[in-house]
$ cat query32.pdb   # PDB, C-alpha atoms, pLDDT in the B column
ATOM      1  CA  MET A   1      19.984   0.938  -1.503  1.00 50.00           C
ATOM      2  CA  THR A   2      20.459  -2.198   0.543  1.00 54.00           C
ATOM      3  CA  ARG A   3      21.961  -5.342  -0.866  1.00 59.00           C
ATOM      4  CA  PRO A   4      19.655  -8.361  -1.014  1.00 58.00           C
ATOM      5  CA  SER A   5      20.500 -11.158   1.369  1.00 70.00           C
ATOM      6  CA  PRO A   6      21.954 -14.329  -0.168  1.00 69.00           C
ATOM      7  CA  VAL A   7      18.904 -16.223   1.086  1.00 75.00           C
ATOM      8  CA  ASP A   8      16.518 -13.834  -0.710  1.00 83.00           C
ATOM      9  CA  THR A   9      18.583 -14.062  -3.880  1.00 88.00           C
ATOM     10  CA  ARG A  10      18.557 -17.871  -3.810  1.00 92.00           C
ATOM     11  CA  LEU A  11      14.809 -17.955  -3.160  1.00 93.00           C
ATOM     12  CA  ILE A  12      14.157 -15.623  -6.077  1.00 94.00           C
ATOM     13  CA  GLU A  13      16.397 -17.713  -8.340  1.00 94.00           C
ATOM     14  CA  ARG A  14      14.625 -20.920  -7.277  1.00 94.00           C
ATOM     15  CA  PHE A  15      11.207 -19.342  -7.821  1.00 95.00           C
ATOM     16  CA  LEU A  16      12.122 -18.036 -11.262  1.00 95.00           C
ATOM     17  CA  GLY A  17      13.743 -21.347 -12.175  1.00 93.00           C
ATOM     18  CA  ALA A  18      10.445 -23.096 -11.482  1.00 93.00           C
ATOM     19  CA  GLN A  19       8.584 -20.766 -13.871  1.00 91.00           C
ATOM     20  CA  HIS A  20       8.337 -21.059 -17.641  1.00 90.00           C
ATOM     21  CA  PHE A  21       9.033 -17.914 -19.646  1.00 90.00           C
ATOM     22  CA  ARG A  22       8.910 -17.282 -23.362  1.00 92.00           C
ATOM     23  CA  HIS A  23      11.557 -14.563 -23.433  1.00 93.00           C
ATOM     24  CA  PRO A  24      15.083 -15.112 -22.060  1.00 91.00           C
ATOM     25  CA  ALA A  25      15.211 -11.617 -20.465  1.00 93.00           C
ATOM     26  CA  THR A  26      12.044 -12.151 -18.420  1.00 93.00           C
ATOM     27  CA  PRO A  27      13.725 -13.853 -15.410  1.00 94.00           C
ATOM     28  CA  LYS A  28      16.200 -10.980 -15.112  1.00 94.00           C
ATOM     29  CA  ASN A  29      13.417  -8.376 -15.208  1.00 94.00           C
ATOM     30  CA  TYR A  30      11.274 -10.296 -12.748  1.00 95.00           C
ATOM     31  CA  ALA A  31      14.241 -10.809 -10.424  1.00 95.00           C
ATOM     32  CA  GLY A  32      14.642  -7.032 -10.222  1.00 94.00           C
ATOM     33  CA  THR A  33      10.983  -6.583  -9.281  1.00 95.00           C
ATOM     34  CA  LEU A  34      11.174  -9.318  -6.645  1.00 95.00           C
ATOM     35  CA  ARG A  35      14.421  -7.936  -5.195  1.00 94.00           C
ATOM     36  CA  ASN A  36      12.723  -4.545  -4.953  1.00 93.00           C
ATOM     37  CA  PHE A  37       9.757  -6.137  -3.189  1.00 93.00           C
ATOM     38  CA  ASN A  38      11.962  -8.115  -0.770  1.00 91.00           C
ATOM     39  CA  GLY A  39      14.011  -4.998  -0.032  1.00 91.00           C
ATOM     40  CA  PHE A  40      10.853  -3.032   0.710  1.00 91.00           C
ATOM     41  CA  VAL A  41       9.600  -5.782   3.030  1.00 89.00           C
ATOM     42  CA  ALA A  42      12.967  -5.925   4.827  1.00 88.00           C
ATOM     43  CA  LYS A  43      13.059  -2.149   5.213  1.00 88.00           C
ATOM     44  CA  HIS A  44       9.464  -1.713   6.397  1.00 84.00           C
ATOM     45  CA  GLY A  45       8.713  -4.991   8.134  1.00 73.00           C
ATOM     46  CA  ALA A  46       9.547  -6.030  11.659  1.00 63.00           C
ATOM     47  CA  GLY A  47       9.514  -9.733  10.788  1.00 65.00           C
ATOM     48  CA  ALA A  48      10.680 -11.881   7.930  1.00 63.00           C
ATOM     49  CA  SER A  49       7.194 -12.364   6.477  1.00 74.00           C
ATOM     50  CA  PRO A  50       5.380  -9.630   4.580  1.00 83.00           C
ATOM     51  CA  THR A  51       2.135  -8.434   6.098  1.00 83.00           C
ATOM     52  CA  ALA A  52      -0.905  -7.193   4.209  1.00 84.00           C
ATOM     53  CA  SER A  53      -0.082  -3.668   5.358  1.00 87.00           C
ATOM     54  CA  ILE A  54       3.451  -3.852   3.964  1.00 88.00           C
ATOM     55  CA  VAL A  55       2.215  -5.284   0.667  1.00 89.00           C
ATOM     56  CA  GLN A  56      -0.318  -2.436   0.440  1.00 90.00           C
ATOM     57  CA  GLN A  57       2.433   0.112   1.133  1.00 92.00           C
ATOM     58  CA  TRP A  58       4.594  -1.413  -1.596  1.00 93.00           C
ATOM     59  CA  LEU A  59       1.685  -1.344  -4.052  1.00 93.00           C
ATOM     60  CA  LYS A  60       0.936   2.272  -3.185  1.00 93.00           C
ATOM     61  CA  GLU A  61       4.591   3.286  -3.637  1.00 94.00           C
ATOM     62  CA  ARG A  62       4.879   1.423  -6.928  1.00 94.00           C
ATOM     63  CA  SER A  63       1.598   2.933  -8.171  1.00 93.00           C
ATOM     64  CA  LEU A  64       3.349   6.313  -8.161  1.00 95.00           C
ATOM     65  CA  LYS A  65       6.073   4.998 -10.476  1.00 94.00           C
ATOM     66  CA  TRP A  66       4.417   2.417 -12.733  1.00 93.00           C
ATOM     67  CA  PRO A  67       1.432   2.729 -15.063  1.00 94.00           C
ATOM     68  CA  ALA A  68      -1.629   0.762 -13.925  1.00 92.00           C
ATOM     69  CA  HIS A  69      -1.170  -2.103 -16.389  1.00 92.00           C
ATOM     70  CA  ILE A  70       2.458  -2.651 -15.298  1.00 93.00           C
ATOM     71  CA  LEU A  71       1.475  -2.430 -11.635  1.00 93.00           C
ATOM     72  CA  TYR A  72      -1.235  -5.030 -12.170  1.00 93.00           C
ATOM     73  CA  HIS A  73       1.105  -7.387 -14.035  1.00 93.00           C
ATOM     74  CA  ARG A  74       3.827  -7.103 -11.383  1.00 93.00           C
ATOM     75  CA  THR A  75       1.244  -7.500  -8.623  1.00 93.00           C
ATOM     76  CA  LEU A  76       0.399 -10.876 -10.123  1.00 94.00           C
ATOM     77  CA  LEU A  77       4.114 -11.751 -10.144  1.00 94.00           C
ATOM     78  CA  VAL A  78       4.440 -10.878  -6.447  1.00 93.00           C
ATOM     79  CA  GLU A  79       1.283 -12.846  -5.726  1.00 92.00           C
ATOM     80  CA  ARG A  80       2.734 -15.938  -7.424  1.00 94.00           C
ATOM     81  CA  TYR A  81       6.011 -15.431  -5.527  1.00 93.00           C
ATOM     82  CA  LEU A  82       4.252 -15.156  -2.154  1.00 92.00           C
ATOM     83  CA  LYS A  83       2.185 -18.256  -2.922  1.00 92.00           C
ATOM     84  CA  TRP A  84       5.360 -20.123  -3.864  1.00 93.00           C
ATOM     85  CA  LEU A  85       7.048 -19.001  -0.618  1.00 92.00           C
ATOM     86  CA  GLN A  86       4.047 -20.321   1.310  1.00 91.00           C
ATOM     87  CA  ASP A  87       4.146 -23.620  -0.579  1.00 92.00           C
ATOM     88  CA  GLN A  88       7.868 -23.925   0.223  1.00 90.00           C
ATOM     89  CA  GLY A  89       7.193 -23.252   3.910  1.00 88.00           C
ATOM     90  CA  VAL A  90       9.293 -20.086   3.918  1.00 87.00           C
ATOM     91  CA  ILE A  91       6.402 -17.931   5.117  1.00 85.00           C
ATOM     92  CA  ALA A  92       3.329 -19.014   7.036  1.00 80.00           C
ATOM     93  CA  SER A  93       0.315 -19.898   4.968  1.00 72.00           C
ATOM     94  CA  GLY A  94      -3.036 -18.356   5.659  1.00 62.00           C
ATOM     95  CA  GLN A  95      -1.697 -14.819   6.100  1.00 54.00           C
ATOM     96  CA  ARG A  96      -3.482 -12.059   4.204  1.00 50.00           C
ATOM     97  CA  THR A  97      -0.391 -11.175   2.228  1.00 54.00           C
ATOM     98  CA  GLN A  98      -1.691 -11.977  -1.217  1.00 50.00           C
ATOM     99  CA  PRO A  99      -2.283  -8.780  -3.194  1.00 52.00           C
ATOM    100  CA  ARG A 100      -5.681 -10.099  -4.362  1.00 51.00           C
ATOM    101  CA  SER A 101      -6.747 -10.718  -0.791  1.00 48.00           C
ATOM    102  CA  ILE A 102      -6.096  -7.049  -0.007  1.00 46.00           C
ATOM    103  CA  GLY A 103      -7.897  -5.558  -2.964  1.00 47.00           C
ATOM    104  CA  ALA A 104      -5.858  -6.088  -6.130  1.00 48.00           C
ATOM    105  CA  THR A 105      -8.325  -8.050  -8.242  1.00 50.00           C
ATOM    106  CA  PRO A 106      -8.741  -8.333 -11.996  1.00 49.00           C
ATOM    107  CA  SER A 107     -12.121  -6.608 -11.785  1.00 51.00           C
ATOM    108  CA  ALA A 108     -10.681  -3.632  -9.892  1.00 53.00           C
ATOM    109  CA  SER A 109      -7.189  -2.426 -10.640  1.00 47.00           C
ATOM    110  CA  PRO A 110      -4.708  -2.240  -7.729  1.00 48.00           C
ATOM    111  CA  VAL A 111      -4.347   1.475  -8.292  1.00 45.00           C
ATOM    112  CA  ARG A 112      -8.096   2.059  -8.065  1.00 48.00           C
ATOM    113  CA  GLN A 113      -8.367  -0.120  -4.946  1.00 57.00           C
ATOM    114  CA  LEU A 114      -5.493   1.693  -3.238  1.00 53.00           C
ATOM    115  CA  SER A 115      -6.802   5.136  -4.067  1.00 43.00           C
ATOM    116  CA  ARG A 116     -10.020   4.606  -2.130  1.00 45.00           C
TER     117      ARG A 116
END

$ encode --input "query32.pdb" --output "structure tokens"
Amino acid sequence: MTRPSPVDTRLIERFLGAQHFRHPATPKNYAGTLRNFNGFVAKHGAGASPTASIVQQWLKERSLKWPAHILYHRTLLVERYLKWLQDQGVIASGQRTQPRSIGATPSASPVRQLSR
């Protein structure tokens, strides 16, 4: 397992600090999911920005470990995180990196979309 970069850790902390959660353990749980996602992107991506292909690979890998409802919920978290990174200028906007733009929509579960 690779250690997250200090930059990734600070970005995750800033993102989570900007969110509003009802339960005090939520930021810690979400940070773990986002560190996992960033680690996957770093391991599988040639550049600093996630591509649609890498996001799909991550979703496919996670679909083998998480039930569909958890996968969907965490897909929405990653989507919000990617949008926030775009808004902060960390990654280029307009890329098809959003999970919804690659098939993870409320009307069709990410697992069902990926299994096609």

$ atom_distance --input "query32.pdb" --atom1 "CA of Val78 in chain A" --atom2 "CA of Ala52 in chain A"
12.5 Å

$ resolve_selection --input "query32.pdb" --expression "the PyMOL selection byres ((chain A and resi 80) around 12)" --output "NGL selection string"
:A and (12 or 15-16 or 18-19 or 30 or 34 or 73-79 or 81-87 or 97-100)

$ closest_residue --input "query32.pdb" --among "A:Phe37, A:Arg62, A:Arg14, A:Asn29" --to "Pro50 in chain A" --atoms "only C-alpha atoms"
A:Phe37

$ atom_distance --input "query32.pdb" --atom1 "CA of Asn38 in chain A" --atom2 "CA of Ser5 in chain A"
9.3 Å

$ atom_distance --input "query32.pdb" --atom1 "CA of Val7 in chain A" --atom2 "CA of Asn36 in chain A"
14.5 Å

$ axis_aligned_box --input "query32.pdb" --around "range 16-31 of chain A" --padding-each-side "5 Å" --output "lines of an AutoDock Vina configuration file"
center_x = 12.3
center_y = -15.7
center_z = -16.9
size_x = 17.9
size_y = 24.7
size_z = 23.0

$ decode --input "query32.pdb" --residues "range 5-104 of chain A" --atoms "C-alpha atoms" --output "CSV table (one decimal), in the first residue's frame"
chain,number,residue,atom,x,y,z
A,5,SER,CA,1.1,12.4,-0.8
A,6,PRO,CA,0.8,15.3,1.6
A,7,VAL,CA,-0.8,17.3,-1.1
A,8,ASP,CA,-3.6,14.7,-1.6
A,9,THR,CA,-4.1,14.5,2.2
A,10,ARG,CA,-4.4,18.3,2.5
A,11,LEU,CA,-6.9,18.4,-0.5
A,12,ILE,CA,-9.0,15.7,1.1
A,13,GLU,CA,-9.0,17.5,4.4
A,14,ARG,CA,-10.0,20.8,2.7
A,15,PHE,CA,-12.7,19.1,0.8
A,16,LEU,CA,-14.1,17.4,3.8
A,17,GLY,CA,-13.8,20.6,5.9
A,18,ALA,CA,-16.0,22.3,3.4
A,19,GLN,CA,-18.8,19.7,3.7
A,20,HIS,CA,-21.4,19.5,6.4
A,21,PHE,CA,-21.9,16.1,8.1
A,22,ARG,CA,-24.3,15.0,10.7
A,23,HIS,CA,-22.1,12.3,12.3
A,24,PRO,CA,-18.6,13.1,13.6
A,25,ALA,CA,-17.1,9.9,12.2
A,26,THR,CA,-18.3,10.6,8.6
A,27,PRO,CA,-15.2,12.7,7.6
A,28,LYS,CA,-12.9,10.0,8.8
A,29,ASN,CA,-14.8,7.3,6.8
A,30,TYR,CA,-15.0,9.5,3.7
A,31,ALA,CA,-11.3,10.4,4.0
A,32,GLY,CA,-10.5,6.7,3.7
A,33,THR,CA,-12.6,6.3,0.6
A,34,LEU,CA,-11.0,9.3,-1.0
A,35,ARG,CA,-7.5,8.2,-0.1
A,36,ASN,CA,-8.3,4.9,-1.7
A,37,PHE,CA,-9.5,6.6,-4.8
A,38,ASN,CA,-6.5,8.9,-5.0
A,39,GLY,CA,-4.1,6.0,-4.5
A,40,PHE,CA,-5.9,4.1,-7.3
A,41,VAL,CA,-5.6,7.1,-9.6
A,42,ALA,CA,-1.9,7.5,-8.7
A,43,LYS,CA,-1.2,3.8,-9.3
A,44,HIS,CA,-3.1,3.5,-12.6
A,45,GLY,CA,-2.9,6.9,-14.1
A,46,ALA,CA,0.0,8.5,-16.1
A,47,GLY,CA,-1.0,12.0,-15.1
A,48,ALA,CA,-2.2,13.8,-12.0
A,49,SER,CA,-5.8,14.0,-13.2
A,50,PRO,CA,-8.1,11.0,-13.2
A,51,THR,CA,-9.5,10.0,-16.6
A,52,ALA,CA,-12.9,8.5,-17.3
A,53,SER,CA,-11.2,5.1,-17.9
A,54,ILE,CA,-9.4,5.2,-14.5
A,55,VAL,CA,-12.6,6.1,-12.7
A,56,GLN,CA,-14.4,3.3,-14.5
A,57,GLN,CA,-11.6,0.9,-13.4
A,58,TRP,CA,-11.9,2.1,-9.8
A,59,LEU,CA,-15.7,1.6,-9.9
A,60,LYS,CA,-15.3,-1.9,-11.3
A,61,GLU,CA,-12.8,-2.9,-8.7
A,62,ARG,CA,-14.9,-1.5,-5.9
A,63,SER,CA,-18.0,-3.2,-7.2
A,64,LEU,CA,-16.3,-6.5,-6.4
A,65,LYS,CA,-15.9,-5.4,-2.7
A,66,TRP,CA,-18.9,-3.2,-1.9
A,67,PRO,CA,-22.6,-3.9,-2.1
A,68,ALA,CA,-24.4,-1.8,-4.8
A,69,HIS,CA,-25.9,0.7,-2.4
A,70,ILE,CA,-22.5,1.4,-0.8
A,71,LEU,CA,-20.9,1.7,-4.2
A,72,TYR,CA,-23.5,4.2,-5.4
A,73,HIS,CA,-23.2,6.3,-2.2
A,74,ARG,CA,-19.4,6.4,-2.5
A,75,THR,CA,-19.6,7.1,-6.2
A,76,LEU,CA,-21.5,10.2,-5.3
A,77,LEU,CA,-18.8,11.2,-2.8
A,78,VAL,CA,-16.1,10.8,-5.4
A,79,GLU,CA,-18.2,12.8,-7.9
A,80,ARG,CA,-18.5,15.7,-5.4
A,81,TYR,CA,-14.8,15.5,-4.7
A,82,LEU,CA,-13.9,15.6,-8.4
A,83,LYS,CA,-16.3,18.5,-8.9
A,84,TRP,CA,-14.7,20.3,-6.0
A,85,LEU,CA,-11.2,19.7,-7.4
A,86,GLN,CA,-12.3,21.2,-10.7
A,87,ASP,CA,-13.8,24.2,-8.9
A,88,GLN,CA,-10.5,24.7,-7.0
A,89,GLY,CA,-8.5,24.5,-10.3
A,90,VAL,CA,-6.6,21.4,-9.2
A,91,ILE,CA,-7.8,19.3,-12.2
A,92,ALA,CA,-9.0,20.6,-15.6
A,93,SER,CA,-12.7,21.2,-15.9
A,94,GLY,CA,-14.7,19.7,-18.8
A,95,GLN,CA,-13.0,16.2,-18.5
A,96,ARG,CA,-15.3,13.2,-18.5
A,97,THR,CA,-14.2,12.1,-15.1
A,98,GLN,CA,-17.5,12.5,-13.3
A,99,PRO,CA,-18.9,9.0,-12.5
A,100,ARG,CA,-22.3,10.1,-13.7
A,101,SER,CA,-20.9,11.2,-17.0
A,102,ILE,CA,-19.5,7.7,-17.5
A,103,GLY,CA,-22.6,5.8,-16.6
A,104,ALA,CA,-23.2,5.9,-12.8
